Each structure stands twice: as C-alpha cells, then as structure tokens.
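**Q** Structure file target16.cif (mmCIF, C-alpha atoms) is given on the next line.
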data_run
loop_
_atom_site.label_atom_id
_atom_site.label_comp_id
_atom_site.auth_asym_id
_atom_site.auth_seq_id
_atom_site.Cartn_x
_atom_site.Cartn_y
_atom_site.Cartn_z
CA MET Z 9 13.59 17.04 2.51
CA ASN Z 10 14.14 13.28 2.32
CA TYR Z 11 17.33 11.81 0.94
CA ALA Z 12 18.08 8.15 0.26
CA ILE Z 13 21.65 6.86 0.27
CA GLU Z 14 22.05 4.09 -2.28
CA LEU Z 15 24.65 1.46 -3.06
CA VAL Z 16 24.51 1.41 -6.86
CA PHE Z 17 25.08 -1.64 -9.08
CA ASP Z 18 27.81 -1.78 -11.72
CA ASP Z 19 26.88 -1.47 -15.42
CA GLU Z 20 26.64 -5.21 -16.08
CA SER Z 21 24.33 -5.68 -13.09
CA GLN Z 22 22.29 -2.64 -14.17
CA ASN Z 23 21.71 -4.29 -17.55
CA THR Z 24 20.68 -7.61 -15.98
CA ILE Z 25 18.08 -6.02 -13.72
CA ASN Z 26 16.89 -3.62 -16.43
CA LYS Z 27 15.90 -6.62 -18.58
CA LEU Z 28 13.47 -7.66 -15.84
CA ARG Z 29 12.14 -4.13 -15.52
CA LYS Z 30 11.69 -3.97 -19.30
CA LEU Z 31 9.79 -7.28 -19.25
CA LEU Z 32 7.41 -5.89 -16.64
CA ASN Z 33 6.97 -2.61 -18.50
CA GLU Z 34 6.35 -4.26 -21.87
CA ASN Z 35 3.63 -6.35 -20.23
CA GLY Z 36 1.67 -3.51 -18.66
CA VAL Z 37 3.40 -3.16 -15.29
CA HIS Z 38 4.47 0.49 -15.24
CA ASP Z 39 7.69 1.53 -13.54
CA GLU Z 40 8.11 4.58 -11.31
CA ALA Z 41 11.18 3.23 -9.50
CA VAL Z 42 14.47 5.11 -9.57
CA LYS Z 43 16.23 4.21 -12.80
CA LEU Z 44 19.54 3.22 -11.21
CA ASN Z 45 19.29 -0.23 -9.64
CA HIS Z 46 20.53 -0.12 -6.08
CA ILE Z 47 20.22 -1.17 -2.45
CA SER Z 48 19.36 1.73 -0.12
CA ILE Z 49 21.32 1.80 3.13
CA GLY Z 50 19.95 4.96 4.69
CA ASP Z 51 17.23 7.55 4.41
CA TYR Z 52 17.51 10.92 6.12
CA ARG Z 53 15.25 13.89 6.61
CA THR Z 54 17.53 16.92 6.70
CA SER Z 55 18.05 20.43 5.41
CA ASP Z 56 21.86 19.99 5.55
CA ILE Z 57 22.46 18.57 2.09
CA GLU Z 58 26.08 19.75 1.94
CA GLY Z 59 26.81 18.02 5.25
CA LEU Z 60 25.10 14.86 4.00
CA LYS Z 61 27.10 14.88 0.76
CA SER Z 62 30.34 15.35 2.67
CA LYS Z 63 29.62 12.48 5.07
CA VAL Z 64 28.53 10.11 2.28
CA LEU Z 65 31.63 10.88 0.21
CA LYS Z 66 33.88 10.20 3.21
CA PHE Z 67 32.03 6.94 3.86
CA SER Z 68 32.49 5.85 0.22
CA GLU Z 69 36.27 5.93 0.75
CA MET Z 70 35.90 3.25 3.43
CA VAL Z 71 34.08 0.73 1.23
CA GLU Z 72 35.38 -1.53 -1.52
CA PRO Z 73 33.16 -2.90 -4.32
CA PHE Z 74 31.49 -6.17 -3.38
CA GLU Z 75 29.07 -8.71 -4.77
CA ILE Z 76 25.71 -9.77 -3.47
CA THR Z 77 23.30 -12.41 -4.65
CA LEU Z 78 19.67 -11.58 -5.33
CA CYS Z 79 17.80 -14.73 -4.39
CA ALA Z 80 14.06 -13.95 -4.37
CA ALA Z 81 11.39 -11.54 -5.54
CA GLY Z 82 8.98 -10.00 -3.11
CA THR Z 83 6.51 -7.25 -2.46
CA PHE Z 84 5.74 -4.62 0.08
CA MET Z 85 1.97 -4.63 0.22
CA THR Z 86 1.76 -0.98 1.13
CA LYS Z 87 -0.24 1.70 -0.64
CA GLU Z 88 2.69 1.97 -3.10
CA ASN Z 89 2.53 -1.75 -4.06
CA VAL Z 90 6.26 -2.41 -4.51
CA ILE Z 91 7.94 -5.32 -6.32
CA PHE Z 92 11.56 -5.89 -5.40
CA LEU Z 93 14.44 -8.36 -5.50
CA VAL Z 94 15.89 -9.60 -2.21
CA PRO Z 95 19.60 -10.14 -1.58
CA ILE Z 96 21.00 -12.85 0.63
CA MET Z 97 21.95 -11.14 3.88
CA THR Z 98 25.68 -11.74 4.02
CA GLU Z 99 28.05 -10.59 6.73
CA LYS Z 100 29.55 -8.13 4.20
CA LEU Z 101 26.20 -6.51 3.37
CA LYS Z 102 25.22 -6.35 7.03
CA SER Z 103 28.65 -4.94 7.93
CA VAL Z 104 28.53 -2.18 5.29
CA HIS Z 105 25.08 -1.13 6.49
CA LYS Z 106 26.14 -1.13 10.14
CA LYS Z 107 29.33 0.82 9.35
CA PHE Z 108 27.24 3.37 7.46
CA ILE Z 109 24.70 3.82 10.25
CA ASP Z 110 27.49 4.08 12.84
CA PHE Z 111 29.46 6.51 10.65
CA MET Z 112 26.39 8.72 10.25
CA SER Z 113 25.49 8.70 13.96
CA ASP Z 114 26.78 12.25 14.47
CA PHE Z 115 25.01 13.63 11.38
CA ASP Z 116 22.31 16.19 12.11
CA GLY Z 117 19.50 14.48 10.25
CA LYS Z 118 16.68 12.14 11.17
CA LEU Z 119 17.22 8.54 10.05
CA ASN Z 120 14.08 6.81 8.78
CA GLN Z 121 13.26 4.03 11.26
CA TYR Z 122 13.20 1.40 8.49
CA TYR Z 123 17.00 1.74 8.25
CA ASP Z 124 17.69 1.05 11.92
CA ILE Z 125 20.10 -1.88 12.30
CA ASP Z 126 17.40 -4.30 13.47
CA ARG Z 127 14.69 -3.16 11.03
CA TRP Z 128 16.54 -2.80 7.74
CA MET Z 129 15.31 -5.05 4.93
CA PRO Z 130 17.67 -4.64 1.99
CA HIS Z 131 15.99 -4.82 -1.40
CA CYS Z 132 16.26 -3.66 -5.01
CA THR Z 133 12.99 -2.05 -6.09
CA ILE Z 134 12.06 -2.89 -9.67
CA ALA Z 135 8.52 -1.46 -9.73
CA ILE Z 136 6.61 0.86 -7.40
CA ARG Z 137 3.28 2.65 -7.15
CA LEU Z 138 1.46 -0.16 -8.91
CA THR Z 139 -2.22 -0.84 -9.08
CA ASP Z 140 -3.28 -4.11 -7.46
CA GLU Z 141 -3.70 -5.60 -10.94
CA GLU Z 142 -0.17 -4.57 -11.94
CA LEU Z 143 1.22 -5.99 -8.70
CA PHE Z 144 -0.38 -9.40 -9.30
CA LYS Z 145 0.58 -9.38 -12.98
CA GLY Z 146 4.18 -8.39 -12.14
CA ILE Z 147 4.60 -11.18 -9.60
CA LYS Z 148 3.22 -13.71 -12.09
CA LEU Z 149 5.53 -12.43 -14.85
CA LEU Z 150 8.55 -12.71 -12.59
CA LYS Z 151 7.51 -16.17 -11.36
CA ASN Z 152 7.43 -17.40 -14.95
CA ASN Z 153 10.47 -15.54 -16.29
CA ILE Z 154 13.05 -14.81 -13.62
CA LYS Z 155 16.13 -16.99 -13.26
CA LEU Z 156 17.43 -16.76 -9.72
CA PRO Z 157 19.90 -16.36 -8.16
CA ILE Z 158 21.35 -13.23 -9.78
CA LYS Z 159 24.82 -12.07 -8.76
CA VAL Z 160 25.30 -8.31 -8.83
CA LYS Z 161 28.15 -6.02 -7.90
CA LEU Z 162 27.79 -2.90 -5.77
CA GLU Z 163 30.43 -0.37 -6.74
CA LYS Z 164 29.13 3.18 -6.27
CA ILE Z 165 27.19 5.30 -3.85
CA ASP Z 166 24.76 8.11 -4.52
CA ILE Z 167 22.23 10.30 -2.78
CA ILE Z 168 18.79 10.82 -4.22
CA ASN Z 169 16.29 13.46 -3.26
CA TYR Z 170 12.81 11.99 -3.29
CA PRO Z 171 10.06 12.06 -4.24
CA PHE Z 172 11.73 14.23 -6.89
CA LYS Z 173 14.24 11.51 -7.87
CA SER Z 174 17.06 13.94 -8.51
CA ILE Z 175 20.51 12.51 -7.92
CA LEU Z 176 22.58 14.86 -5.82
CA ILE Z 177 25.99 13.29 -6.32
CA THR Z 178 25.90 13.39 -10.09
CA ASP Z 179 29.33 11.86 -10.58
CA MET Z 180 28.60 8.91 -8.36
CA LYS Z 181 31.48 8.23 -6.07
CA CYS Z 182 33.03 4.88 -6.80
CA PHE Z 183 34.06 2.87 -3.80
CA ALA Z 184 37.72 2.70 -2.90
CA HIS Z 185 39.60 0.22 -5.04
CA LYS Z 186 42.35 -1.22 -2.90
#
Output the file's structure as structure tokens, nothing else.
**A**
Amino acid sequence: MNYAIELVFDDESQNTINKLRKLLNENGVHDEAVKLNHISIGDYRTSDIEGLKSKVLKFSEMVEPFEITLCAAGTFMTKENVIFLVPIMTEKLKSVHKKFIDFMSDFDGKLNQYYDIDRWMPHCTIAIRLTDEELFKGIKLLKNNIKLPIKVKLEKIDIINYPFKSILITDMKCFAHK
C-alpha cells in the first residue's frame, strides 16, 4: 500500500484555498484531489501501517506550526493533469522536509523517489485527474482570478492511504506548540 504523509493547513488557510477549488469546480474543472489542503513531505510503500503511524506521531512532536507563502500556480503535465499551488522554498520548509526524511531513514518502507531531498517539489494540489480541456480552463481561471501571494499556516500532520484517500490518523496530530 502507498501512504502519503501530509503537512495540513490550518482552518483559515483551508478556507482560502477551498475558495479557489470551488471556483474551479463551479466552472467545470472537476476536483479529485484530497479534500484537506496540504503539502506532502513523504510517500511510502509499506505494509507496516502501525510502525508508520508511530513514527509520524513521534515526528509531529518535533515540529512547531509554521507559515509558508504560496507564490505561483503550476501544473504537472502527467497523465493525471495536476494543477497546484507552489510555496516559496524557505529554509524552514526545507528543514522540516529534511528532518522528516532523516527521521524516517530507519523505517522499513520504500520512500517514493520524488520525495528524496534533491528531488522534492513541494506543492498544494488543488485539482487532479483532469482532462486536457479542464487543465487549460483551470489555468486560465486561476490566471484571471487568483491573488498571489497567499500566506498559509501548516499546523497538523496526517497520513493518507491512496488511491483510496482514507485518512489513517483521524484525529490529526497537531504540531508541538512551544
């Protein structure tokens, strides 16, 4: 099974991004993305879900909430046709990702290569599995309606089983508040 580890936005940030997703949806760009807006920091293939949960919960105790700035919209022109928002790569964001990858180094699961330190491209997916027409329409809608930059706060962590989209840490672990 595949499991994504996600840094989840706070409620205010969720609402801000959901307005963009609603705009796309109301204008014929369907949305199959996970409903919680987030930045994924890892993706593991494993059968040890209890071990993964335990490691992720321990990691969450090492992280404090922090803000990032979403500065651009982009697309992965793969068969899934993805539209996403791109954060500015700050030292904090890079550091949290590196700490996570290092912390998980002894976990018995296979890390997806896209999350390797030198390959990771943080993003917040707002639409996925689009037709080409939806992709082009979505980019045009965002170009004409998005007001960047958007500041968002990352305050929780979860694990999602995909492609089933079931959240495995149902009471998302909030980061340590120090």
**Q** Enumerate, as a VMD selection string, the residues matched when the PyMOL selection byres ((chain Z and resi 84-98) around 10) is run on the file above.
**A** chain Z and resid 25 39 to 41 47 75 to 83 99 to 103 129 to 140 142 to 144 146 to 147 150 156 to 160
**Q** Do a neighbour search on Z:Ala12 at 8 Å with all atoms listed in the file, toss out local chain neighbours closer than 6 positions, and write the hits as a ChimeraX atom specification.
**A** /Z:48-52,167-170
**Q** Between Z:Val37, Z:Leu31, Z:Val71, Z:Leu60, which has the minimum distance to Z:Met9 (counting all atoms listed in the file)?
**A**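 Selected residue with least distance to Z:Met9: Z:Leu60.
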**Q** Would you kindly translate the PyMOL selection byres ((chain Z and resi 118) around 8) into the concrete residues it picks from this file, as a PyMOL selection string?
**A** chain Z and resi 52-54+116-117+119-120
**Q** Just give me the gap between atom CA of Z:Arg29 and atom CA of Z:Ser68 in Å, one decimal is fine.
**A**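 Going from atom CA of Z:Arg29 over to atom CA of Z:Ser68, I get 27.6 Å.
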**Q** Taking the file as shown, what set of residues would the PyMOL selection byres ((chain Z and resi 66) around 12) give back, as a PDB file with C-alpha atoms, in the coordinates of the input?
**A**
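result.pdb, written as the output of this step:
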ATOM      1  CA  GLY Z  59      26.810  18.020   5.250  1.00  0.00           C
ATOM      2  CA  LEU Z  60      25.100  14.860   4.000  1.00  0.00           C
ATOM      3  CA  LYS Z  61      27.100  14.880   0.760  1.00  0.00           C
ATOM      4  CA  SER Z  62      30.340  15.350   2.670  1.00  0.00           C
ATOM      5  CA  LYS Z  63      29.620  12.480   5.070  1.00  0.00           C
ATOM      6  CA  VAL Z  64      28.530  10.110   2.280  1.00  0.00           C
ATOM      7  CA  LEU Z  65      31.630  10.880   0.210  1.00  0.00           C
ATOM      8  CA  PHE Z  67      32.030   6.940   3.860  1.00  0.00           C
ATOM      9  CA  SER Z  68      32.490   5.850   0.220  1.00  0.00           C
ATOM     10  CA  GLU Z  69      36.270   5.930   0.750  1.00  0.00           C
ATOM     11  CA  MET Z  70      35.900   3.250   3.430  1.00  0.00           C
ATOM     12  CA  VAL Z  71      34.080   0.730   1.230  1.00  0.00           C
ATOM     13  CA  PHE Z 108      27.240   3.370   7.460  1.00  0.00           C
ATOM     14  CA  PHE Z 111      29.460   6.510  10.650  1.00  0.00           C
ATOM     15  CA  MET Z 112      26.390   8.720  10.250  1.00  0.00           C
ATOM     16  CA  ILE Z 165      27.190   5.300  -3.850  1.00  0.00           C
ATOM     17  CA  LYS Z 181      31.480   8.230  -6.070  1.00  0.00           C
ATOM     18  CA  CYS Z 182      33.030   4.880  -6.800  1.00  0.00           C
ATOM     19  CA  PHE Z 183      34.060   2.870  -3.800  1.00  0.00           C
ATOM     20  CA  ALA Z 184      37.720   2.700  -2.900  1.00  0.00           C
TER      21      ALA Z 184
END
**Q** Excluding Z:Leu28 and any residue of its chain fewer than 4 positions from it, enumerate the residues within 9 Å of it, using all atoms listed in the file, and give them as a list in words.
**A**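 Near Z:Leu28, the qualifying residues are Thr24, Leu32, Asn33, Ile134, Leu150, Asn153 and Ile154 of chain Z.
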**Q** Take atom CA of Z:Tyr11 and atom CA of Z:Ser55 and report the distance between them in Å, one decimal.
**A**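 Spanning atom CA of Z:Tyr11 to atom CA of Z:Ser55 is a straight-line distance of 9.7 Å.
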**Q** How would stretch 18-46 of chain Z look with N, CA and C atoms restored, written as a PDB file, keeping the file's coordinate frame?
**A**
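And here is the file that came out, rebuild.pdb:
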ATOM      1  N   ASP Z  18      26.946  -2.045 -10.569  1.00  0.00           N
ATOM      2  CA  ASP Z  18      27.810  -1.780 -11.720  1.00  0.00           C
ATOM      3  C   ASP Z  18      26.997  -1.888 -13.008  1.00  0.00           C
ATOM      4  N   ASP Z  19      27.601  -1.514 -14.140  1.00  0.00           N
ATOM      5  CA  ASP Z  19      26.880  -1.470 -15.420  1.00  0.00           C
ATOM      6  C   ASP Z  19      26.318  -2.828 -15.830  1.00  0.00           C
ATOM      7  N   GLU Z  20      27.106  -3.877 -15.694  1.00  0.00           N
ATOM      8  CA  GLU Z  20      26.640  -5.210 -16.080  1.00  0.00           C
ATOM      9  C   GLU Z  20      25.416  -5.615 -15.254  1.00  0.00           C
ATOM     10  N   SER Z  21      25.464  -5.364 -13.962  1.00  0.00           N
ATOM     11  CA  SER Z  21      24.330  -5.680 -13.090  1.00  0.00           C
ATOM     12  C   SER Z  21      23.128  -4.812 -13.421  1.00  0.00           C
ATOM     13  N   GLN Z  22      23.382  -3.531 -13.754  1.00  0.00           N
ATOM     14  CA  GLN Z  22      22.290  -2.640 -14.170  1.00  0.00           C
ATOM     15  C   GLN Z  22      21.545  -3.260 -15.356  1.00  0.00           C
ATOM     16  N   ASN Z  23      22.308  -3.716 -16.344  1.00  0.00           N
ATOM     17  CA  ASN Z  23      21.710  -4.290 -17.550  1.00  0.00           C
ATOM     18  C   ASN Z  23      20.890  -5.534 -17.237  1.00  0.00           C
ATOM     19  N   THR Z  24      21.388  -6.378 -16.357  1.00  0.00           N
ATOM     20  CA  THR Z  24      20.680  -7.610 -15.980  1.00  0.00           C
ATOM     21  C   THR Z  24      19.331  -7.282 -15.355  1.00  0.00           C
ATOM     22  N   ILE Z  25      19.323  -6.374 -14.406  1.00  0.00           N
ATOM     23  CA  ILE Z  25      18.080  -6.020 -13.720  1.00  0.00           C
ATOM     24  C   ILE Z  25      17.154  -5.234 -14.645  1.00  0.00           C
ATOM     25  N   ASN Z  26      17.728  -4.394 -15.503  1.00  0.00           N
ATOM     26  CA  ASN Z  26      16.890  -3.620 -16.430  1.00  0.00           C
ATOM     27  C   ASN Z  26      16.122  -4.511 -17.394  1.00  0.00           C
ATOM     28  N   LYS Z  27      16.641  -5.680 -17.724  1.00  0.00           N
ATOM     29  CA  LYS Z  27      15.900  -6.620 -18.580  1.00  0.00           C
ATOM     30  C   LYS Z  27      14.614  -7.068 -17.887  1.00  0.00           C
ATOM     31  N   LEU Z  28      14.682  -7.295 -16.580  1.00  0.00           N
ATOM     32  CA  LEU Z  28      13.470  -7.660 -15.840  1.00  0.00           C
ATOM     33  C   LEU Z  28      12.488  -6.497 -15.783  1.00  0.00           C
ATOM     34  N   ARG Z  29      12.995  -5.310 -15.568  1.00  0.00           N
ATOM     35  CA  ARG Z  29      12.140  -4.130 -15.520  1.00  0.00           C
ATOM     36  C   ARG Z  29      11.480  -3.890 -16.874  1.00  0.00           C
ATOM     37  N   LYS Z  30      12.241  -4.131 -17.943  1.00  0.00           N
ATOM     38  CA  LYS Z  30      11.690  -3.970 -19.300  1.00  0.00           C
ATOM     39  C   LYS Z  30      10.588  -5.000 -19.547  1.00  0.00           C
ATOM     40  N   LEU Z  31      10.805  -6.233 -19.112  1.00  0.00           N
ATOM     41  CA  LEU Z  31       9.790  -7.280 -19.250  1.00  0.00           C
ATOM     42  C   LEU Z  31       8.489  -6.852 -18.563  1.00  0.00           C
ATOM     43  N   LEU Z  32       8.601  -6.354 -17.355  1.00  0.00           N
ATOM     44  CA  LEU Z  32       7.410  -5.890 -16.640  1.00  0.00           C
ATOM     45  C   LEU Z  32       6.735  -4.763 -17.401  1.00  0.00           C
ATOM     46  N   ASN Z  33       7.516  -3.776 -17.809  1.00  0.00           N
ATOM     47  CA  ASN Z  33       6.970  -2.610 -18.500  1.00  0.00           C
ATOM     48  C   ASN Z  33       6.284  -2.971 -19.810  1.00  0.00           C
ATOM     49  N   GLU Z  34       6.914  -3.854 -20.575  1.00  0.00           N
ATOM     50  CA  GLU Z  34       6.350  -4.260 -21.870  1.00  0.00           C
ATOM     51  C   GLU Z  34       5.059  -5.070 -21.707  1.00  0.00           C
ATOM     52  N   ASN Z  35       4.822  -5.553 -20.494  1.00  0.00           N
ATOM     53  CA  ASN Z  35       3.630  -6.350 -20.230  1.00  0.00           C
ATOM     54  C   ASN Z  35       2.634  -5.624 -19.320  1.00  0.00           C
ATOM     55  N   GLY Z  36       2.684  -4.295 -19.331  1.00  0.00           N
ATOM     56  CA  GLY Z  36       1.670  -3.510 -18.660  1.00  0.00           C
ATOM     57  C   GLY Z  36       1.880  -3.238 -17.191  1.00  0.00           C
ATOM     58  N   VAL Z  37       3.093  -3.486 -16.685  1.00  0.00           N
ATOM     59  CA  VAL Z  37       3.400  -3.160 -15.290  1.00  0.00           C
ATOM     60  C   VAL Z  37       4.301  -1.928 -15.341  1.00  0.00           C
ATOM     61  N   HIS Z  38       3.709  -0.757 -15.088  1.00  0.00           N
ATOM     62  CA  HIS Z  38       4.470   0.490 -15.240  1.00  0.00           C
ATOM     63  C   HIS Z  38       5.561   0.580 -14.171  1.00  0.00           C
ATOM     64  N   ASP Z  39       6.503   1.465 -14.393  1.00  0.00           N
ATOM     65  CA  ASP Z  39       7.690   1.530 -13.540  1.00  0.00           C
ATOM     66  C   ASP Z  39       7.949   2.969 -13.124  1.00  0.00           C
ATOM     67  N   GLU Z  40       7.775   3.260 -11.843  1.00  0.00           N
ATOM     68  CA  GLU Z  40       8.110   4.580 -11.310  1.00  0.00           C
ATOM     69  C   GLU Z  40       9.339   4.518 -10.400  1.00  0.00           C
ATOM     70  N   ALA Z  41      10.004   3.381 -10.361  1.00  0.00           N
ATOM     71  CA  ALA Z  41      11.180   3.230  -9.500  1.00  0.00           C
ATOM     72  C   ALA Z  41      12.330   4.068 -10.050  1.00  0.00           C
ATOM     73  N   VAL Z  42      13.248   4.416  -9.175  1.00  0.00           N
ATOM     74  CA  VAL Z  42      14.470   5.110  -9.570  1.00  0.00           C
ATOM     75  C   VAL Z  42      15.155   4.284 -10.644  1.00  0.00           C
ATOM     76  N   LYS Z  43      15.688   4.933 -11.650  1.00  0.00           N
ATOM     77  CA  LYS Z  43      16.230   4.210 -12.800  1.00  0.00           C
ATOM     78  C   LYS Z  43      17.547   3.493 -12.536  1.00  0.00           C
ATOM     79  N   LEU Z  44      18.314   3.932 -11.550  1.00  0.00           N
ATOM     80  CA  LEU Z  44      19.540   3.220 -11.210  1.00  0.00           C
ATOM     81  C   LEU Z  44      19.223   2.127 -10.205  1.00  0.00           C
ATOM     82  N   ASN Z  45      19.542   0.894 -10.550  1.00  0.00           N
ATOM     83  CA  ASN Z  45      19.290  -0.230  -9.640  1.00  0.00           C
ATOM     84  C   ASN Z  45      20.266  -0.144  -8.474  1.00  0.00           C
ATOM     85  N   HIS Z  46      19.742  -0.382  -7.279  1.00  0.00           N
ATOM     86  CA  HIS Z  46      20.530  -0.120  -6.080  1.00  0.00           C
ATOM     87  C   HIS Z  46      19.933  -0.838  -4.868  1.00  0.00           C
TER      88      HIS Z  46
END
